[in-house]
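Novice: Dumping the structure here so I can ask a few things about it.
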Amino acid sequence: MSAAPDATASPSLLTRVRKTPFWVQIVAGLVLGVALGYLARTADISWLATTLETIGKIFVQLLKLAVPPLVFTAIVVSVANLRNVTNAARLAGRTLLWFLITSLIAVAIGLGLGLLTNPGQGTDLSTEGLKAPKSSGTWVDFLTGIIPTNIVTSFTEVNVLQIVFLAVVVGAAIIKLGDKAAPVLKLNETVLELTQTALWWVIRLSPLGTLGLIGKSVAKYGWDLLEPFATLTADVYVGCALVLFVVYSLLLKFVGGLNPLNFFKGAWPAIQLAFVSRSSVGTLPVTRRVTERLGVPSDYASFAVPFGATTKMDGCAAIYPSLAAIFVAQVYGVHLGIGDYLLIAFVSVIGSAATAGLTGAIVMLTLTLSTLGLPLEGVGLLLAIDPILDMVRTATNVAGQAVVPILVAAREKTLDLVAYNNPTGDLYAEAPVPVPAQAGEKVPAAA
């Protein structure tokens, strides 16, 4: 007769991993990815480099898979639910105002660093044989491209700007129709919850995705490729760090009257995931969750965070294009005057929606270069290091998407200060945040 299993036996490896705090899992994936990527590069192990690239690619593909339904339903529900928010127009206006203010500060920091360090001088980079991107961002394309010619194509080609336009129209129509459109709103709320739940399973794979994405970057690029871009890379990281840790902290302290440390304690899971995933939209469920956990009312957060995820890009649309424009101008020997720098600031603030929350900021870069009359071939110079730069850019984007709703809620006296001052618990151990209920309904408790 076999003995009964020992109840005191040590837990399995899988159980230990599940009980490990999620941020520790992410850091472990980061460290292991760097080590494996370095090994693949120095020992020229092609199969290891390919494996790391495949893991990272699959993770990003899974995140992108959720983008169309997530963006559409999140914005439809957020716009429709504005009817339940007191002073909705004023909240929306103040949110957009702070989006503009923080973008202006970010672009000023980018321009200042570029003028101080001259990142394109002395790089000795050859521009021979470089080609302009097949499609470039222009103001005409940007404005006309917002309105879709085919609804199906907008979703199949993942044109986020067009999806946002359609969602805003549908949300506004739901408000106009009132109770008649209640079934449509309920359908969007259900699809949103389904999408967020499925996306949450993908997010739980972030440690593995981190390993693949970081490992691929180290194996593929290494320092040899980064060396000619060392000043630009340092500028982007320093600029994003100044905005992320200094500007946002000062705004929280002196505008919101809040302790910045509590913000970083609560928002760090979203910032960390944004860094490794390079997708503001893919991080959206986590960003919304941390924003609500930091005391922002659910109805307001459900509007501000989705809109921020598609239009609020301090890293990709403010710091980076200003530095990249200076870099390209110096590489090609083009002089920029005061008027050009003011134009960069204008493009960065107004055109930020062109980045649309997906990985990379190529559309925004081409929009900036074409507006300044700089060679679009310069985009080809930056493509190689774009993944390295995009990590810190996206982390800055997501932090800003959480900071602004907190600032607005604090100034409107609707922020839950008890929740803000006590951001405790493992965020990833909790159930996804439910969609705010329609008027007269009860919000079900989290499972």
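In the structure tokens, chains take letters A, B, ... by order of appearance, with residues numbered from 1 within each chain and ligands from 1 in the order shown.
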Env of Leu100 (chain A): 10 Å cut, atoms = only C-alpha atoms, seq-sep filter 6 positions within chain, self excluded. Answer as number ranges by chain.
Specialist: A: 94, 106, 312, 314, 348-350, 352
Novice: Can you tell me which residues surround Gln196 (chain A) at a distance of at most 10 Å, considering only C-alpha atoms, apart from same-chain residues fewer than 3 positions away, and format the answer as a list of chain:residue names?
Specialist: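 My list of contacting residues is A:Ala66, A:Pro69, A:Leu70, A:Ala74, A:Thr190, A:Val191, A:Leu192, A:Glu193, A:Leu199, A:Trp200, A:Trp201, A:Val202, A:Ile203, A:Gly282, A:Leu284, A:Pro285, A:Val286, A:Pro432, A:Val433, A:Pro434, A:Val435.
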Novice: Can those selected residues be exported to a file as a short mmCIF file (atom, residue, chain, number, x, y, z; two decimals), in the first residue's frame so that it contains all heavy atoms?
Specialist:
```cif
data_model
loop_
_atom_site.label_atom_id
_atom_site.label_comp_id
_atom_site.auth_asym_id
_atom_site.auth_seq_id
_atom_site.Cartn_x
_atom_site.Cartn_y
_atom_site.Cartn_z
N ALA A 66 -5.18 42.20 -29.78
CA ALA A 66 -6.28 42.77 -28.98
C ALA A 66 -6.52 44.24 -29.26
O ALA A 66 -7.50 44.80 -28.78
CB ALA A 66 -5.98 42.58 -27.49
N PRO A 69 -10.30 45.51 -31.14
CA PRO A 69 -11.50 45.46 -30.28
C PRO A 69 -11.31 46.24 -28.98
O PRO A 69 -12.27 46.83 -28.47
CB PRO A 69 -11.68 43.96 -30.00
CG PRO A 69 -10.33 43.35 -30.21
CD PRO A 69 -9.70 44.17 -31.30
N LEU A 70 -10.08 46.27 -28.44
CA LEU A 70 -9.83 46.97 -27.19
C LEU A 70 -10.01 48.47 -27.35
O LEU A 70 -10.71 49.12 -26.57
CB LEU A 70 -8.43 46.66 -26.67
CG LEU A 70 -8.04 47.32 -25.35
CD1 LEU A 70 -8.90 46.77 -24.22
CD2 LEU A 70 -6.56 47.08 -25.04
N ALA A 74 -13.30 50.27 -25.77
CA ALA A 74 -12.92 51.10 -24.63
C ALA A 74 -13.35 52.55 -24.85
O ALA A 74 -13.85 53.21 -23.93
CB ALA A 74 -11.41 51.03 -24.40
N THR A 190 -19.57 44.28 -22.83
CA THR A 190 -19.27 42.85 -22.72
C THR A 190 -18.02 42.49 -23.52
O THR A 190 -17.15 41.77 -23.03
CB THR A 190 -20.46 42.02 -23.23
OG1 THR A 190 -21.63 42.37 -22.47
CG2 THR A 190 -20.18 40.53 -23.07
N VAL A 191 -17.96 43.00 -24.76
CA VAL A 191 -16.78 42.72 -25.59
C VAL A 191 -15.52 43.31 -24.94
O VAL A 191 -14.44 42.69 -24.97
CB VAL A 191 -16.97 43.28 -27.01
CG1 VAL A 191 -15.69 43.14 -27.83
CG2 VAL A 191 -18.13 42.57 -27.71
N LEU A 192 -15.64 44.49 -24.34
CA LEU A 192 -14.50 45.11 -23.68
C LEU A 192 -14.01 44.25 -22.52
O LEU A 192 -12.80 44.03 -22.36
CB LEU A 192 -14.89 46.50 -23.16
CG LEU A 192 -13.81 47.26 -22.36
CD1 LEU A 192 -12.53 47.40 -23.17
CD2 LEU A 192 -14.33 48.62 -21.92
N GLU A 193 -14.94 43.74 -21.71
CA GLU A 193 -14.54 42.87 -20.60
C GLU A 193 -13.91 41.58 -21.09
O GLU A 193 -12.92 41.09 -20.53
CB GLU A 193 -15.75 42.58 -19.71
CG GLU A 193 -16.22 43.77 -18.90
CD GLU A 193 -17.10 43.37 -17.73
OE1 GLU A 193 -16.71 42.45 -16.98
OE2 GLU A 193 -18.18 43.96 -17.57
N LEU A 199 -6.66 39.65 -22.77
CA LEU A 199 -5.40 40.38 -22.81
C LEU A 199 -4.64 40.23 -21.50
O LEU A 199 -3.41 40.21 -21.47
CB LEU A 199 -5.66 41.86 -23.11
CG LEU A 199 -4.44 42.76 -23.30
CD1 LEU A 199 -3.55 42.23 -24.42
CD2 LEU A 199 -4.86 44.19 -23.60
N TRP A 200 -5.39 40.09 -20.42
CA TRP A 200 -4.74 39.90 -19.11
C TRP A 200 -3.95 38.59 -19.08
O TRP A 200 -2.90 38.51 -18.47
CB TRP A 200 -5.79 39.93 -17.99
CG TRP A 200 -5.16 40.26 -16.67
CD1 TRP A 200 -4.95 39.41 -15.63
CD2 TRP A 200 -4.66 41.53 -16.26
NE1 TRP A 200 -4.35 40.07 -14.60
CE2 TRP A 200 -4.15 41.37 -14.96
CE3 TRP A 200 -4.59 42.77 -16.87
CZ2 TRP A 200 -3.58 42.43 -14.26
CZ3 TRP A 200 -4.01 43.82 -16.18
CH2 TRP A 200 -3.53 43.64 -14.88
N TRP A 201 -4.46 37.57 -19.75
CA TRP A 201 -3.71 36.31 -19.84
C TRP A 201 -2.39 36.54 -20.59
O TRP A 201 -1.37 35.97 -20.23
CB TRP A 201 -4.54 35.24 -20.55
CG TRP A 201 -5.81 34.90 -19.85
CD1 TRP A 201 -6.09 35.07 -18.52
CD2 TRP A 201 -6.98 34.32 -20.43
NE1 TRP A 201 -7.36 34.64 -18.23
CE2 TRP A 201 -7.94 34.17 -19.37
CE3 TRP A 201 -7.33 33.91 -21.70
CZ2 TRP A 201 -9.20 33.63 -19.58
CZ3 TRP A 201 -8.60 33.37 -21.92
CH2 TRP A 201 -9.52 33.24 -20.87
N VAL A 202 -2.45 37.37 -21.63
CA VAL A 202 -1.22 37.67 -22.38
C VAL A 202 -0.25 38.45 -21.51
O VAL A 202 0.96 38.19 -21.50
CB VAL A 202 -1.55 38.47 -23.66
CG1 VAL A 202 -0.28 38.86 -24.42
CG2 VAL A 202 -2.48 37.67 -24.57
N ILE A 203 -0.78 39.40 -20.75
CA ILE A 203 0.07 40.21 -19.88
C ILE A 203 0.78 39.35 -18.84
O ILE A 203 1.92 39.62 -18.46
CB ILE A 203 -0.77 41.32 -19.20
CG1 ILE A 203 -1.18 42.37 -20.26
CG2 ILE A 203 -0.01 41.99 -18.07
CD1 ILE A 203 -2.19 43.37 -19.77
N GLY A 282 -1.39 48.12 -25.70
CA GLY A 282 -1.28 46.81 -25.07
C GLY A 282 -1.23 46.89 -23.56
O GLY A 282 -1.65 45.96 -22.86
N LEU A 284 -2.86 49.19 -21.88
CA LEU A 284 -4.06 49.91 -21.46
C LEU A 284 -4.79 49.31 -20.26
O LEU A 284 -5.11 50.03 -19.31
CB LEU A 284 -5.01 50.05 -22.65
CG LEU A 284 -6.40 50.64 -22.39
CD1 LEU A 284 -6.28 52.03 -21.76
CD2 LEU A 284 -7.20 50.71 -23.69
N PRO A 285 -5.07 47.99 -20.21
CA PRO A 285 -5.78 47.46 -19.04
C PRO A 285 -5.02 47.68 -17.74
O PRO A 285 -5.62 47.95 -16.69
CB PRO A 285 -5.92 45.96 -19.36
CG PRO A 285 -5.81 45.87 -20.84
CD PRO A 285 -4.84 46.94 -21.22
N VAL A 286 -3.69 47.56 -17.79
CA VAL A 286 -2.89 47.77 -16.58
C VAL A 286 -2.87 49.25 -16.22
O VAL A 286 -2.97 49.61 -15.04
CB VAL A 286 -1.45 47.23 -16.79
CG1 VAL A 286 -0.67 47.33 -15.49
CG2 VAL A 286 -1.49 45.80 -17.27
N PRO A 432 -9.24 41.68 -13.26
CA PRO A 432 -9.32 42.88 -14.09
C PRO A 432 -10.41 43.82 -13.62
O PRO A 432 -11.44 43.39 -13.12
CB PRO A 432 -9.61 42.33 -15.49
CG PRO A 432 -9.10 40.93 -15.46
CD PRO A 432 -9.33 40.44 -14.06
N VAL A 433 -10.16 45.12 -13.80
CA VAL A 433 -11.13 46.12 -13.40
C VAL A 433 -12.38 46.00 -14.25
O VAL A 433 -12.30 45.96 -15.47
CB VAL A 433 -10.53 47.54 -13.58
CG1 VAL A 433 -11.58 48.59 -13.26
CG2 VAL A 433 -9.33 47.70 -12.68
N PRO A 434 -13.57 45.89 -13.63
CA PRO A 434 -14.80 45.77 -14.43
C PRO A 434 -15.12 47.08 -15.13
O PRO A 434 -14.72 48.15 -14.70
CB PRO A 434 -15.86 45.44 -13.38
CG PRO A 434 -15.32 46.01 -12.11
CD PRO A 434 -13.83 45.87 -12.18
N VAL A 435 -15.89 46.98 -16.22
CA VAL A 435 -16.34 48.17 -16.93
C VAL A 435 -17.36 48.89 -16.06
O VAL A 435 -18.21 48.26 -15.44
CB VAL A 435 -16.98 47.75 -18.28
CG1 VAL A 435 -17.55 48.97 -18.98
CG2 VAL A 435 -15.96 47.05 -19.15
#
```
Novice: Taking into account only C-alpha atoms, which residue in the set A:Ile344, A:Ala399, A:Ala317, A:Ile175 is nearest to Val77 (chain A)?
Specialist: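 Result for the nearest residue to Val77 (chain A): A:Ile175.
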Novice: Please identify all polymer residues within 12 Å of Ile338 (chain A), counting only C-alpha atoms, omitting same-chain residues fewer than 3 positions from it, and present them as a PyMOL selection string.
Specialist: chain A and resi 111+115+335+341-345+372
Novice: Residues at most 6 Å from Gly120 (chain A), counting only C-alpha atoms, excluding those fewer than 5 positions away in the same chain, as a ChimeraX atom specification?
Specialist: /A:327,330-331
Novice: Could you take the residues named above and write them with N, CA and C atoms, as a JSON list (two decimals), in the first residue's frame?
Specialist:
```
[["chain", "number", "residue", "atom", "x", "y", "z"],
["A", 327, "PHE", "N", 18.96, 65.51, -34.88],
["A", 327, "PHE", "CA", 19.96, 64.51, -35.29],
["A", 327, "PHE", "C", 20.04, 64.41, -36.82],
["A", 330, "GLN", "N", 21.53, 67.53, -38.49],
["A", 330, "GLN", "CA", 22.98, 67.64, -38.34],
["A", 330, "GLN", "C", 23.72, 66.62, -39.19],
["A", 331, "VAL", "N", 23.17, 65.42, -39.33],
["A", 331, "VAL", "CA", 23.80, 64.40, -40.18],
["A", 331, "VAL", "C", 23.83, 64.86, -41.64]]
```
Novice: Take CA of Leu65 (chain A) and CA of Ser279 (chain A) and report the distance between them in Å, one decimal.
Specialist: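 CA of Leu65 (chain A) sits 11.9 Å away from CA of Ser279 (chain A).
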Novice: With only C-alpha atoms as the basis for distance, which of A:Gly178, A:Pro183, A:Gly114, A:Gly256 is at the shortest distance from Arg83 (chain A)?
Specialist: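 For Arg83 (chain A), the nearest of the given residues is A:Gly178.
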Novice: Using only C-alpha atoms, which residues sit within 6 Å of region 294-308 of chain A once same-chain residues fewer than 6 positions away are excluded, as a list in words?
Specialist: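 Residues near the query, excluding close chain neighbours: Ser78, Arg288, Gln401, Leu415, Asp416, Ala419 and Tyr420 of chain A.
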Novice: Counting only C-alpha atoms, which of A:Gly212, A:Gly110, A:Gly239, A:Gly257 gets nearest to Leu417 (chain A)?
Specialist: A:Gly257
Novice: Compare A:Leu367, A:Leu208, A:Val170, A:Leu407 by their minimum atom-to-atom distance to Gly29 (chain A), counting only C-alpha atoms, and give me the closest one.
Specialist: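 Checking each candidate against Gly29 (chain A), we get A:Leu208 as the closest.
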Novice: Can you tell me which residues surround Gln121 (chain A) at a distance of at most 12 Å, considering only C-alpha atoms, apart from same-chain residues fewer than 5 positions away, and format the answer as a ChimeraX atom specification?
Specialist: /A:114-116,228-232,326-334
Novice: Based on DSSP run over this structure's backbone, return all residues of region 71-295 of chain A in helix (DSSP H, G or I), as a PyMOL selection string.
Specialist: chain A and resi 71-84+88-117+139-145+151-156+160-203+206-220+222-254+260-277+284-293
